[in-house]
>>> print(open('input-v8.cif').read())   # mmCIF, C-alpha atoms (C1' of nucleotides)
data_final
#
loop_
_atom_site.group_PDB
_atom_site.id
_atom_site.type_symbol
_atom_site.label_atom_id
_atom_site.label_comp_id
_atom_site.auth_asym_id
_atom_site.auth_seq_id
_atom_site.Cartn_x
_atom_site.Cartn_y
_atom_site.Cartn_z
ATOM 1 C CA MET A 10 -16.900 -34.276 40.679
ATOM 2 C CA ILE A 11 -19.352 -33.713 37.872
ATOM 3 C CA ASN A 12 -21.589 -36.524 36.678
ATOM 4 C CA ASN A 13 -19.274 -39.051 38.304
ATOM 5 C CA ILE A 14 -16.291 -37.573 36.512
ATOM 6 C CA ASP A 15 -13.308 -36.536 38.592
ATOM 7 C CA ILE A 16 -11.735 -33.635 36.746
ATOM 8 C CA LYS A 17 -8.312 -34.435 38.153
ATOM 9 C CA GLU A 18 -8.423 -37.793 36.429
ATOM 10 C CA LEU A 19 -8.996 -36.348 32.972
ATOM 11 C CA SER A 20 -6.247 -36.415 30.375
ATOM 12 C CA CYS A 21 -4.668 -33.195 29.228
ATOM 13 C CA ALA A 22 -6.478 -33.432 25.897
ATOM 14 C CA GLU A 23 -9.830 -33.921 27.623
ATOM 15 C CA LYS A 24 -9.254 -30.900 29.838
ATOM 16 C CA LEU A 25 -8.252 -28.826 26.851
ATOM 17 C CA GLN A 26 -11.294 -29.874 24.893
ATOM 18 C CA ALA A 27 -13.532 -29.010 27.834
ATOM 19 C CA VAL A 28 -12.134 -25.493 28.311
ATOM 20 C CA ASN A 29 -12.269 -24.918 24.590
ATOM 21 C CA ASP A 30 -15.926 -25.904 24.627
ATOM 22 C CA SER A 31 -16.546 -23.451 27.445
ATOM 23 C CA LEU A 32 -14.599 -20.648 25.833
ATOM 24 C CA TYR A 33 -16.416 -21.170 22.570
ATOM 25 C CA VAL A 34 -19.778 -20.534 24.213
ATOM 26 C CA ILE A 35 -19.057 -18.154 27.090
ATOM 27 C CA GLY A 36 -15.668 -16.759 26.119
ATOM 28 C CA GLY A 37 -15.150 -13.258 24.841
ATOM 29 C CA LYS A 38 -15.473 -9.871 26.401
ATOM 30 C CA TRP A 39 -19.185 -9.601 26.964
ATOM 31 C CA LYS A 40 -20.953 -12.950 27.493
ATOM 32 C CA LEU A 41 -20.398 -13.191 31.237
ATOM 33 C CA PRO A 42 -20.888 -9.479 31.970
ATOM 34 C CA VAL A 43 -24.226 -9.537 30.156
ATOM 35 C CA ILE A 44 -25.343 -12.654 32.009
ATOM 36 C CA ILE A 45 -24.325 -11.110 35.323
ATOM 37 C CA ALA A 46 -26.203 -7.893 34.609
ATOM 38 C CA LEU A 47 -29.262 -9.948 33.655
ATOM 39 C CA SER A 48 -28.981 -11.976 36.837
ATOM 40 C CA GLN A 49 -29.028 -8.734 38.820
ATOM 41 C CA GLY A 50 -32.385 -7.877 37.384
ATOM 42 C CA HIS A 51 -31.314 -5.567 34.603
ATOM 43 C CA THR A 52 -33.501 -6.969 31.894
ATOM 44 C CA ARG A 53 -33.989 -4.089 29.471
ATOM 45 C CA PHE A 54 -31.844 -3.356 26.458
ATOM 46 C CA ASN A 55 -30.888 0.183 27.420
ATOM 47 C CA GLU A 56 -30.338 -0.805 31.006
ATOM 48 C CA LEU A 57 -27.915 -3.554 29.974
ATOM 49 C CA GLN A 58 -26.093 -1.105 27.771
ATOM 50 C CA ARG A 59 -25.682 1.409 30.557
ATOM 51 C CA LYS A 60 -24.713 -1.121 33.231
ATOM 52 C CA THR A 61 -22.097 -2.953 31.191
ATOM 53 C CA GLY A 62 -20.823 -0.204 28.919
ATOM 54 C CA ILE A 63 -21.364 -2.368 25.865
ATOM 55 C CA SER A 64 -22.354 -0.693 22.609
ATOM 56 C CA GLY A 65 -25.819 -1.186 21.154
ATOM 57 C CA LYS A 66 -24.635 -3.047 18.130
ATOM 58 C CA VAL A 67 -22.583 -5.513 20.106
ATOM 59 C CA LEU A 68 -25.213 -5.966 22.802
ATOM 60 C CA SER A 69 -27.783 -6.802 20.166
ATOM 61 C CA ASN A 70 -25.441 -9.432 18.801
ATOM 62 C CA GLU A 71 -24.508 -10.911 22.165
ATOM 63 C CA LEU A 72 -28.142 -11.229 23.165
ATOM 64 C CA LYS A 73 -28.911 -13.119 19.970
ATOM 65 C CA GLU A 74 -26.060 -15.533 20.576
ATOM 66 C CA LEU A 75 -27.051 -15.984 24.199
ATOM 67 C CA GLU A 76 -30.591 -16.730 23.048
ATOM 68 C CA LEU A 77 -29.345 -19.230 20.460
ATOM 69 C CA ASN A 78 -27.326 -20.985 23.131
ATOM 70 C CA GLY A 79 -30.283 -21.137 25.480
ATOM 71 C CA PHE A 80 -29.123 -18.767 28.197
ATOM 72 C CA VAL A 81 -31.547 -15.973 27.536
ATOM 73 C CA LYS A 82 -35.101 -15.554 26.421
ATOM 74 C CA ARG A 83 -36.441 -12.406 24.790
ATOM 75 C CA GLN A 84 -39.853 -11.616 26.155
ATOM 76 C CA VAL A 85 -42.336 -9.220 24.665
ATOM 77 C CA SER A 86 -44.975 -8.302 27.181
ATOM 78 C CA THR A 87 -48.119 -6.691 25.834
ATOM 79 C CA GLU A 88 -49.572 -5.619 29.134
ATOM 80 C CA ASP A 89 -50.999 -2.097 29.085
ATOM 81 C CA LEU A 90 -51.226 -2.279 25.298
ATOM 82 C CA LYS A 91 -47.691 -0.883 25.426
ATOM 83 C CA SER A 92 -45.320 -3.627 24.404
ATOM 84 C CA SER A 93 -42.091 -3.669 26.291
ATOM 85 C CA ILE A 94 -39.202 -6.032 25.885
ATOM 86 C CA ALA A 95 -37.355 -7.859 28.633
ATOM 87 C CA TYR A 96 -34.507 -10.328 28.453
ATOM 88 C CA GLN A 97 -34.722 -13.165 30.952
ATOM 89 C CA LEU A 98 -32.186 -15.742 31.968
ATOM 90 C CA SER A 99 -33.202 -19.328 31.283
ATOM 91 C CA PRO A 100 -32.891 -22.071 33.904
ATOM 92 C CA TYR A 101 -29.893 -23.405 32.002
ATOM 93 C CA SER A 102 -27.953 -20.235 32.704
ATOM 94 C CA GLN A 103 -27.906 -21.357 36.328
ATOM 95 C CA SER A 104 -25.384 -23.989 35.307
ATOM 96 C CA LEU A 105 -22.905 -21.132 34.943
ATOM 97 C CA GLU A 106 -23.079 -20.231 38.613
ATOM 98 C CA SER A 107 -19.805 -21.864 39.576
ATOM 99 C CA VAL A 108 -17.984 -20.372 36.601
ATOM 100 C CA ILE A 109 -19.256 -16.904 37.399
ATOM 101 C CA PHE A 110 -18.472 -17.270 41.092
ATOM 102 C CA ALA A 111 -14.978 -18.440 40.319
ATOM 103 C CA MET A 112 -14.370 -15.580 37.908
ATOM 104 C CA ILE A 113 -15.708 -12.934 40.276
ATOM 105 C CA GLY A 114 -13.825 -14.401 43.209
ATOM 106 C CA TRP A 115 -10.583 -14.574 41.304
ATOM 107 C CA GLY A 116 -10.959 -11.037 39.998
ATOM 108 C CA ILE A 117 -11.420 -9.719 43.517
ATOM 109 C CA GLN A 118 -8.483 -11.585 44.982
ATOM 110 C CA HIS A 119 -6.304 -10.632 42.015
ATOM 111 C CA ARG A 120 -6.970 -6.949 42.527
ATOM 112 C CA VAL A 121 -5.938 -7.350 46.171
ATOM 113 C CA HIS A 122 -2.901 -9.392 45.133
ATOM 114 C CA ILE A 123 -1.714 -6.653 42.803
ATOM 115 C CA LYS A 124 -2.242 -3.865 45.309
ATOM 116 C CA GLU A 125 -0.233 -5.801 47.874
ATOM 117 C CA GLY A 126 2.649 -6.093 45.437
ATOM 118 C CA ARG A 127 3.262 -9.448 43.929
ATOM 119 C CA ASN A 128 5.688 -12.197 44.587
ATOM 120 C CA PHE A 129 6.973 -14.211 41.637
ATOM 121 C CA GLU A 130 9.898 -16.032 43.222
ATOM 122 C CA THR A 131 9.320 -19.741 43.626
ATOM 123 C CA SER A 132 7.703 -22.095 41.144
ATOM 124 C CA TYR A 133 5.860 -25.370 41.075
ATOM 125 C CA THR A 134 4.196 -27.845 38.762
ATOM 126 C CA ALA A 135 0.788 -29.242 39.672
ATOM 127 C CA MET B 21 -16.674 -16.538 50.547
ATOM 128 C CA ILE B 22 -13.338 -15.023 49.614
ATOM 129 C CA ASN B 23 -11.389 -12.937 52.135
ATOM 130 C CA ASN B 24 -14.545 -12.433 54.169
ATOM 131 C CA ILE B 25 -16.401 -11.204 51.128
ATOM 132 C CA ASP B 26 -19.670 -12.892 50.237
ATOM 133 C CA ILE B 27 -19.954 -12.679 46.493
ATOM 134 C CA LYS B 28 -23.729 -12.735 46.622
ATOM 135 C CA GLU B 29 -23.677 -9.499 48.594
ATOM 136 C CA LEU B 30 -21.697 -7.588 45.990
ATOM 137 C CA SER B 31 -23.360 -4.917 43.894
ATOM 138 C CA CYS B 32 -23.810 -5.439 40.197
ATOM 139 C CA ALA B 33 -21.055 -2.945 39.442
ATOM 140 C CA GLU B 34 -18.645 -4.714 41.790
ATOM 141 C CA LYS B 35 -19.357 -8.054 40.172
ATOM 142 C CA LEU B 36 -18.863 -6.581 36.741
ATOM 143 C CA GLN B 37 -15.600 -4.992 37.711
ATOM 144 C CA ALA B 38 -14.375 -8.272 39.152
ATOM 145 C CA VAL B 39 -15.154 -10.337 36.028
ATOM 146 C CA ASN B 40 -13.664 -7.637 33.866
ATOM 147 C CA ASP B 41 -10.483 -7.814 35.931
ATOM 148 C CA SER B 42 -10.411 -11.577 35.459
ATOM 149 C CA LEU B 43 -11.126 -11.436 31.758
ATOM 150 C CA TYR B 44 -8.450 -8.821 31.291
ATOM 151 C CA VAL B 45 -5.776 -11.144 32.667
ATOM 152 C CA ILE B 46 -6.968 -14.659 31.823
ATOM 153 C CA GLY B 47 -9.486 -13.996 29.070
ATOM 154 C CA GLY B 48 -8.891 -14.780 25.442
ATOM 155 C CA LYS B 49 -8.490 -17.986 23.537
ATOM 156 C CA TRP B 50 -5.184 -19.274 24.847
ATOM 157 C CA LYS B 51 -4.379 -18.203 28.435
ATOM 158 C CA LEU B 52 -6.215 -21.020 30.190
ATOM 159 C CA PRO B 53 -5.314 -23.736 27.661
ATOM 160 C CA VAL B 54 -1.626 -22.863 27.992
ATOM 161 C CA ILE B 55 -1.821 -22.869 31.788
ATOM 162 C CA ILE B 56 -3.583 -26.223 31.738
ATOM 163 C CA ALA B 57 -1.011 -27.762 29.423
ATOM 164 C CA LEU B 58 1.745 -26.441 31.697
ATOM 165 C CA SER B 59 0.008 -27.860 34.750
ATOM 166 C CA GLN B 60 -0.017 -31.254 33.060
ATOM 167 C CA GLY B 61 3.745 -31.201 32.833
ATOM 168 C CA HIS B 62 4.126 -29.997 29.275
ATOM 169 C CA THR B 63 6.806 -27.428 29.878
ATOM 170 C CA ARG B 64 8.634 -27.149 26.571
ATOM 171 C CA PHE B 65 7.829 -24.690 23.835
ATOM 172 C CA ASN B 66 7.280 -27.231 21.076
ATOM 173 C CA GLU B 67 5.364 -29.494 23.368
ATOM 174 C CA LEU B 68 2.975 -26.696 24.294
ATOM 175 C CA GLN B 69 2.506 -25.889 20.641
ATOM 176 C CA ARG B 70 1.655 -29.474 19.763
ATOM 177 C CA LYS B 71 -0.634 -30.069 22.744
ATOM 178 C CA THR B 72 -2.678 -26.914 22.397
ATOM 179 C CA GLY B 73 -2.558 -26.353 18.652
ATOM 180 C CA ILE B 74 -1.444 -22.768 19.167
ATOM 181 C CA SER B 75 0.892 -21.216 16.592
ATOM 182 C CA GLY B 76 4.478 -20.399 17.506
ATOM 183 C CA LYS B 77 4.060 -16.687 17.211
ATOM 184 C CA VAL B 78 1.019 -16.574 19.450
ATOM 185 C CA LEU B 79 2.444 -19.024 21.969
ATOM 186 C CA SER B 80 5.564 -16.894 22.283
ATOM 187 C CA ASN B 81 3.364 -13.919 22.988
ATOM 188 C CA GLU B 82 1.083 -15.660 25.458
ATOM 189 C CA LEU B 83 4.045 -16.983 27.420
ATOM 190 C CA LYS B 84 5.459 -13.480 27.721
ATOM 191 C CA GLU B 85 2.186 -12.123 28.998
ATOM 192 C CA LEU B 86 1.775 -15.010 31.410
ATOM 193 C CA GLU B 87 5.278 -14.320 32.685
ATOM 194 C CA LEU B 88 4.536 -10.617 33.074
ATOM 195 C CA ASN B 89 1.453 -11.443 35.088
ATOM 196 C CA GLY B 90 3.345 -13.815 37.314
ATOM 197 C CA PHE B 91 1.797 -17.117 36.277
ATOM 198 C CA VAL B 92 4.794 -18.570 34.501
ATOM 199 C CA LYS B 93 8.536 -18.560 34.849
ATOM 200 C CA ARG B 94 10.926 -19.227 31.979
ATOM 201 C CA GLN B 95 13.740 -21.417 33.155
ATOM 202 C CA VAL B 96 16.991 -22.003 31.348
ATOM 203 C CA SER B 97 18.754 -25.076 32.663
ATOM 204 C CA THR B 98 22.411 -25.465 31.724
ATOM 205 C CA GLU B 99 22.814 -29.048 32.849
ATOM 206 C CA ASP B 100 24.805 -31.201 30.426
ATOM 207 C CA LEU B 101 26.333 -28.100 28.833
ATOM 208 C CA LYS B 102 23.242 -28.215 26.636
ATOM 209 C CA SER B 103 20.889 -25.447 27.625
ATOM 210 C CA SER B 104 17.257 -26.335 27.482
ATOM 211 C CA ILE B 105 14.298 -24.156 28.280
ATOM 212 C CA ALA B 106 11.313 -25.026 30.409
ATOM 213 C CA TYR B 107 8.283 -22.974 31.342
ATOM 214 C CA GLN B 108 7.086 -23.488 34.895
ATOM 215 C CA LEU B 109 3.911 -22.437 36.610
ATOM 216 C CA SER B 110 4.401 -20.111 39.550
ATOM 217 C CA PRO B 111 2.698 -20.682 42.909
ATOM 218 C CA TYR B 112 0.338 -17.843 42.088
ATOM 219 C CA SER B 113 -1.086 -19.774 39.184
ATOM 220 C CA GLN B 114 -2.578 -22.113 41.782
ATOM 221 C CA SER B 115 -5.036 -19.357 42.596
ATOM 222 C CA LEU B 116 -6.668 -20.153 39.247
ATOM 223 C CA GLU B 117 -7.578 -23.668 40.295
ATOM 224 C CA SER B 118 -11.226 -22.960 40.969
ATOM 225 C CA VAL B 119 -11.612 -20.995 37.742
ATOM 226 C CA ILE B 120 -10.059 -23.790 35.706
ATOM 227 C CA PHE B 121 -12.102 -26.446 37.473
ATOM 228 C CA ALA B 122 -15.285 -24.517 36.874
ATOM 229 C CA MET B 123 -14.488 -23.996 33.205
ATOM 230 C CA ILE B 124 -13.567 -27.636 32.612
ATOM 231 C CA GLY B 125 -16.573 -28.873 34.546
ATOM 232 C CA TRP B 126 -18.940 -26.604 32.705
ATOM 233 C CA GLY B 127 -17.469 -27.545 29.322
ATOM 234 C CA ILE B 128 -18.004 -31.223 30.048
ATOM 235 C CA GLN B 129 -21.562 -30.843 31.257
ATOM 236 C CA HIS B 130 -22.377 -28.528 28.352
ATOM 237 C CA ARG B 131 -21.243 -31.104 25.813
ATOM 238 C CA VAL B 132 -23.516 -33.652 27.497
ATOM 239 C CA HIS B 133 -26.329 -31.125 27.657
ATOM 240 C CA ILE B 134 -26.127 -30.500 23.928
ATOM 241 C CA LYS B 135 -25.964 -34.160 23.001
ATOM 242 C CA GLU B 136 -29.036 -34.817 25.099
ATOM 243 C CA GLY B 137 -30.933 -32.150 23.228
ATOM 244 C CA ARG B 138 -31.632 -28.961 25.043
ATOM 245 C CA ASN B 139 -34.643 -27.581 26.755
ATOM 246 C CA PHE B 140 -35.212 -23.828 26.601
ATOM 247 C CA GLU B 141 -38.821 -23.593 27.769
ATOM 248 C CA THR B 142 -39.117 -21.979 31.166
ATOM 249 C CA SER B 143 -37.255 -18.940 32.459
ATOM 250 C CA TYR B 144 -36.165 -17.414 35.690
ATOM 251 C CA THR B 145 -34.294 -14.495 37.186
ATOM 252 C CA ALA B 146 -31.718 -15.111 39.904
ATOM 253 C "C1'" DG C 26 30.471 -28.986 7.098
ATOM 254 C "C1'" DT C 27 25.916 -30.404 6.502
ATOM 255 C "C1'" DT C 28 21.733 -31.804 8.419
ATOM 256 C "C1'" DA C 29 18.346 -31.519 11.941
ATOM 257 C "C1'" DC C 30 16.113 -30.048 16.034
ATOM 258 C "C1'" DT C 31 14.715 -26.475 19.586
ATOM 259 C "C1'" DG C 32 13.231 -22.001 20.516
ATOM 260 C "C1'" DG C 33 12.226 -18.534 18.942
ATOM 261 C "C1'" DT C 34 11.449 -13.685 15.751
ATOM 262 C "C1'" DT C 35 9.768 -11.102 11.755
ATOM 263 C "C1'" DA C 36 7.002 -9.694 7.913
ATOM 264 C "C1'" DC C 37 2.839 -10.165 5.867
ATOM 265 C "C1'" DC C 38 -1.884 -10.965 5.588
ATOM 266 C "C1'" DT C 39 -6.898 -12.157 6.886
ATOM 267 C "C1'" DA C 40 -10.623 -12.314 9.779
ATOM 268 C "C1'" DA C 41 -13.085 -11.211 13.731
ATOM 269 C "C1'" DA C 42 -14.298 -8.033 17.314
ATOM 270 C "C1'" DG C 43 -15.896 -3.901 18.429
ATOM 271 C "C1'" DG C 44 -16.831 1.028 18.379
ATOM 272 C "C1'" DT C 45 -19.403 5.458 16.351
ATOM 273 C "C1'" DA C 46 -22.935 7.611 14.491
ATOM 274 C "C1'" DA C 47 -26.817 7.888 11.801
ATOM 275 C "C1'" DG C 48 -31.177 6.017 10.612
ATOM 276 C "C1'" DT C 49 -35.521 3.186 11.497
ATOM 277 C "C1'" DT C 50 -39.811 1.623 13.526
ATOM 278 C "C1'" DG C 51 -43.470 1.553 16.735
ATOM 279 C "C1'" DA C 52 -45.632 3.296 20.827
ATOM 280 C "C1'" DC C 53 -46.969 6.987 23.681
ATOM 281 C "C1'" DA C 54 -47.332 11.942 25.391
ATOM 282 C "C1'" DT C 55 -48.607 16.709 24.668
ATOM 283 C "C1'" DA D 19 -48.813 16.641 14.224
ATOM 284 C "C1'" DT D 20 -44.736 16.811 16.652
ATOM 285 C "C1'" DG D 21 -41.564 15.187 19.682
ATOM 286 C "C1'" DT D 22 -39.662 11.616 22.402
ATOM 287 C "C1'" DC D 23 -38.134 7.255 23.986
ATOM 288 C "C1'" DA D 24 -37.049 2.341 23.491
ATOM 289 C "C1'" DA D 25 -35.107 -1.065 20.802
ATOM 290 C "C1'" DC D 26 -32.838 -1.931 17.346
ATOM 291 C "C1'" DT D 27 -30.254 -2.021 12.520
ATOM 292 C "C1'" DT D 28 -26.949 -0.435 9.170
ATOM 293 C "C1'" DA D 29 -22.838 1.437 7.180
ATOM 294 C "C1'" DC D 30 -18.393 2.515 8.022
ATOM 295 C "C1'" DC D 31 -14.146 2.287 10.149
ATOM 296 C "C1'" DT D 32 -10.300 0.890 13.493
ATOM 297 C "C1'" DT D 33 -8.211 -2.351 16.356
ATOM 298 C "C1'" DT D 34 -6.938 -6.733 17.841
ATOM 299 C "C1'" DA D 35 -6.260 -11.555 17.292
ATOM 300 C "C1'" DG D 36 -4.282 -14.874 14.992
ATOM 301 C "C1'" DG D 37 -2.450 -17.614 11.299
ATOM 302 C "C1'" DT D 38 1.455 -18.778 7.638
ATOM 303 C "C1'" DA D 39 5.761 -19.005 6.208
ATOM 304 C "C1'" DA D 40 10.272 -17.660 6.077
ATOM 305 C "C1'" DC D 41 14.166 -16.880 8.612
ATOM 306 C "C1'" DC D 42 17.829 -17.094 12.392
ATOM 307 C "C1'" DA D 43 20.780 -18.637 16.301
ATOM 308 C "C1'" DG D 44 22.559 -22.297 19.114
ATOM 309 C "C1'" DT D 45 23.469 -27.159 19.891
ATOM 310 C "C1'" DA D 46 24.516 -31.541 18.554
ATOM 311 C "C1'" DA D 47 24.794 -35.658 15.815
ATOM 312 C "C1'" DC D 48 26.934 -37.735 11.579
#
>>> encode(input="input-v8.cif", output="structure tokens")
Amino acid sequence: MINNIDIKELSCAEKLQAVNDSLYVIGGKWKLPVIIALSQGHTRFNELQRKTGISGKVLSNELKELELNGFVKRQVSTEDLKSSIAYQLSPYSQSLESVIFAMIGWGIQHRVHIKEGRNFETSYTA
Amino acid sequence: MINNIDIKELSCAEKLQAVNDSLYVIGGKWKLPVIIALSQGHTRFNELQRKTGISGKVLSNELKELELNGFVKRQVSTEDLKSSIAYQLSPYSQSLESVIFAMIGWGIQHRVHIKEGRNFETSYTA
DNA sequence: GTTACTGGTTACCTAAAGGTAAGTTGACAT
DNA sequence: ATGTCAACTTACCTTTAGGTAACCAGTAAC
């Protein structure tokens, strides 16, 4: 239930449009990893690079897109006369919590699933 | 909580590994859309192509990968002497429910959010 | 036997993603 | 003044994704 909408009641086309909208904004290799690293308090450019393994060029780009989409704010602090730059998550990025939880949770269970050896036998349609 | 693991207690590196695992398997433009279309009962090749807008070449590829990863089974039915092919979701694909729900839900709310005009002022760190 | 439909495959091409490595700018440290 | 670090940018290149269009095999209707 989101805004009085029951997802199960949506048409196929509506579901597809919704995931496409999501993928357009937060799809790709780096958007979620960068947001997660930021949410863990890694707010500096170099720190983000090291934590995620992203290259400088791509990180620079991702941060700009994340800023454009309102997830991140670039903050220049001029305390100490030395200006240092920090990237902060916006309140709107909190809306991604359930997506990020679901992705992390699934990743963890999938790793376990694979280690256990998988089972592909039966099938179903939802 | 997943298998007695509290996601909030995970280290940054563990979270990043988990999303990377997820993105590796279900990332990209078409994996989730194809799974959604399948879950809505669109099980034929041409039908999937029409519903999702994916090209034949790419659909063929995605279905193979989804089969390799245990989400989909290709079924040849020889009823009526005419053999027809249907793609079916496996039980394991059910594990993606929360991911798909989160993605659809977020896509819907994001569309609303944008229409309403966004608000980027304040910031926070989780 | 010709047409048409399903379920693909193949060859070809373009565009986007992403990496490397070098260079830049400004601030500070020695 | 020299060197160093942070935060980038730029040029260059490779890889991957993805589309188009043509083709092919099997079935089945006319």
>>> residues_near_point(input="input-v8.cif", point="(-21.1, -3.5, 26.0)", cutoff="10 Å", atoms="all atoms listed in the file", output="PyMOL selection string")
(chain A and resi 38-40+42-43+57-69+71) or (chain C and resi 43-44)
>>> calpha_fit_and_write(input="input-v8.cif", fixed="chain A", moving="chain B", output="CSV table (one decimal) with C-alpha atoms, in the coordinates of the input")
chain,number,residue,atom,x,y,z
B,21,MET,CA,-16.9,-34.2,40.7
B,22,ILE,CA,-19.3,-33.7,37.9
B,23,ASN,CA,-21.6,-36.5,36.7
B,24,ASN,CA,-19.3,-39.0,38.3
B,25,ILE,CA,-16.3,-37.6,36.5
B,26,ASP,CA,-13.3,-36.5,38.6
B,27,ILE,CA,-11.7,-33.7,36.8
B,28,LYS,CA,-8.3,-34.4,38.2
B,29,GLU,CA,-8.4,-37.8,36.4
B,30,LEU,CA,-9.0,-36.4,33.0
B,31,SER,CA,-6.2,-36.4,30.4
B,32,CYS,CA,-4.7,-33.2,29.2
B,33,ALA,CA,-6.5,-33.5,25.9
B,34,GLU,CA,-9.8,-33.9,27.6
B,35,LYS,CA,-9.2,-30.9,29.8
B,36,LEU,CA,-8.3,-28.8,26.8
B,37,GLN,CA,-11.3,-29.9,24.9
B,38,ALA,CA,-13.5,-29.0,27.8
B,39,VAL,CA,-12.1,-25.5,28.3
B,40,ASN,CA,-12.3,-24.9,24.6
B,41,ASP,CA,-15.9,-25.9,24.6
B,42,SER,CA,-16.6,-23.5,27.4
B,43,LEU,CA,-14.6,-20.7,25.8
B,44,TYR,CA,-16.4,-21.2,22.6
B,45,VAL,CA,-19.8,-20.6,24.2
B,46,ILE,CA,-19.1,-18.2,27.1
B,47,GLY,CA,-15.7,-16.8,26.1
B,48,GLY,CA,-15.1,-13.3,24.8
B,49,LYS,CA,-15.5,-9.9,26.4
B,50,TRP,CA,-19.2,-9.6,27.0
B,51,LYS,CA,-21.0,-13.0,27.5
B,52,LEU,CA,-20.4,-13.2,31.2
B,53,PRO,CA,-20.9,-9.5,32.0
B,54,VAL,CA,-24.2,-9.5,30.1
B,55,ILE,CA,-25.3,-12.7,32.0
B,56,ILE,CA,-24.3,-11.1,35.3
B,57,ALA,CA,-26.2,-7.9,34.6
B,58,LEU,CA,-29.3,-10.0,33.7
B,59,SER,CA,-29.0,-12.0,36.8
B,60,GLN,CA,-29.0,-8.8,38.8
B,61,GLY,CA,-32.4,-7.9,37.4
B,62,HIS,CA,-31.3,-5.6,34.6
B,63,THR,CA,-33.5,-7.0,31.9
B,64,ARG,CA,-34.0,-4.1,29.5
B,65,PHE,CA,-31.9,-3.4,26.5
B,66,ASN,CA,-30.9,0.2,27.4
B,67,GLU,CA,-30.3,-0.8,31.0
B,68,LEU,CA,-27.9,-3.6,30.0
B,69,GLN,CA,-26.1,-1.1,27.8
B,70,ARG,CA,-25.7,1.4,30.6
B,71,LYS,CA,-24.7,-1.1,33.2
B,72,THR,CA,-22.1,-3.0,31.2
B,73,GLY,CA,-20.9,-0.2,28.9
B,74,ILE,CA,-21.4,-2.4,25.9
B,75,SER,CA,-22.4,-0.7,22.6
B,76,GLY,CA,-25.8,-1.2,21.1
B,77,LYS,CA,-24.6,-3.1,18.1
B,78,VAL,CA,-22.6,-5.5,20.1
B,79,LEU,CA,-25.2,-6.0,22.8
B,80,SER,CA,-27.8,-6.8,20.2
B,81,ASN,CA,-25.4,-9.4,18.8
B,82,GLU,CA,-24.5,-10.9,22.2
B,83,LEU,CA,-28.2,-11.2,23.2
B,84,LYS,CA,-28.9,-13.1,20.0
B,85,GLU,CA,-26.1,-15.5,20.6
B,86,LEU,CA,-27.0,-16.0,24.2
B,87,GLU,CA,-30.6,-16.7,23.0
B,88,LEU,CA,-29.3,-19.2,20.5
B,89,ASN,CA,-27.3,-21.0,23.1
B,90,GLY,CA,-30.3,-21.2,25.5
B,91,PHE,CA,-29.1,-18.8,28.2
B,92,VAL,CA,-31.6,-16.0,27.5
B,93,LYS,CA,-35.1,-15.6,26.4
B,94,ARG,CA,-36.5,-12.4,24.8
B,95,GLN,CA,-39.9,-11.6,26.2
B,96,VAL,CA,-42.4,-9.2,24.7
B,97,SER,CA,-45.0,-8.3,27.2
B,98,THR,CA,-48.1,-6.6,25.8
B,99,GLU,CA,-49.6,-5.5,29.1
B,100,ASP,CA,-51.0,-2.0,29.1
B,101,LEU,CA,-51.3,-2.1,25.3
B,102,LYS,CA,-47.7,-0.8,25.4
B,103,SER,CA,-45.3,-3.6,24.4
B,104,SER,CA,-42.1,-3.7,26.3
B,105,ILE,CA,-39.2,-6.1,25.9
B,106,ALA,CA,-37.4,-7.9,28.6
B,107,TYR,CA,-34.5,-10.3,28.4
B,108,GLN,CA,-34.7,-13.2,30.9
B,109,LEU,CA,-32.2,-15.7,32.0
B,110,SER,CA,-33.2,-19.3,31.3
B,111,PRO,CA,-32.9,-22.1,33.9
B,112,TYR,CA,-29.9,-23.4,32.0
B,113,SER,CA,-28.0,-20.3,32.7
B,114,GLN,CA,-27.9,-21.4,36.3
B,115,SER,CA,-25.4,-24.0,35.3
B,116,LEU,CA,-22.9,-21.1,34.9
B,117,GLU,CA,-23.1,-20.2,38.6
B,118,SER,CA,-19.8,-21.9,39.6
B,119,VAL,CA,-18.0,-20.4,36.6
B,120,ILE,CA,-19.3,-16.9,37.4
B,121,PHE,CA,-18.5,-17.3,41.1
B,122,ALA,CA,-15.0,-18.5,40.3
B,123,MET,CA,-14.4,-15.6,37.9
B,124,ILE,CA,-15.7,-12.9,40.3
B,125,GLY,CA,-13.8,-14.4,43.2
B,126,TRP,CA,-10.6,-14.6,41.3
B,127,GLY,CA,-11.0,-11.0,40.0
B,128,ILE,CA,-11.4,-9.7,43.5
B,129,GLN,CA,-8.5,-11.6,45.0
B,130,HIS,CA,-6.3,-10.6,42.0
B,131,ARG,CA,-7.0,-7.0,42.5
B,132,VAL,CA,-5.9,-7.4,46.2
B,133,HIS,CA,-2.9,-9.4,45.1
B,134,ILE,CA,-1.7,-6.7,42.8
B,135,LYS,CA,-2.2,-3.9,45.3
B,136,GLU,CA,-0.3,-5.8,47.9
B,137,GLY,CA,2.6,-6.1,45.5
B,138,ARG,CA,3.3,-9.5,43.9
B,139,ASN,CA,5.7,-12.2,44.6
B,140,PHE,CA,7.0,-14.2,41.7
B,141,GLU,CA,10.0,-16.0,43.3
B,142,THR,CA,9.4,-19.7,43.7
B,143,SER,CA,7.8,-22.1,41.2
B,144,TYR,CA,6.0,-25.3,41.1
B,145,THR,CA,4.3,-27.8,38.8
B,146,ALA,CA,0.9,-29.2,39.7
>>> resolve_selection(input="input-v8.cif", expression="the PyMOL selection byres ((chain D and resi 32-47) around 10)", output="ChimeraX atom specification")
/B:48-49,74-78,101-104 /C:28-44 /D:30-31,48
>>> resolve_selection(input="input-v8.cif", expression="the PyMOL selection byres ((chain C and resi 47) around 9)", output="list in words")
DA46 and DG48 of chain C; DT28 and DA29 of chain D
>>> resolve_selection(input="input-v8.cif", expression="the PyMOL selection byres ((chain B and resi 126-134) around 7)", output="number ranges by chain")
A: 27-28, 30-31; B: 122-125, 135-138
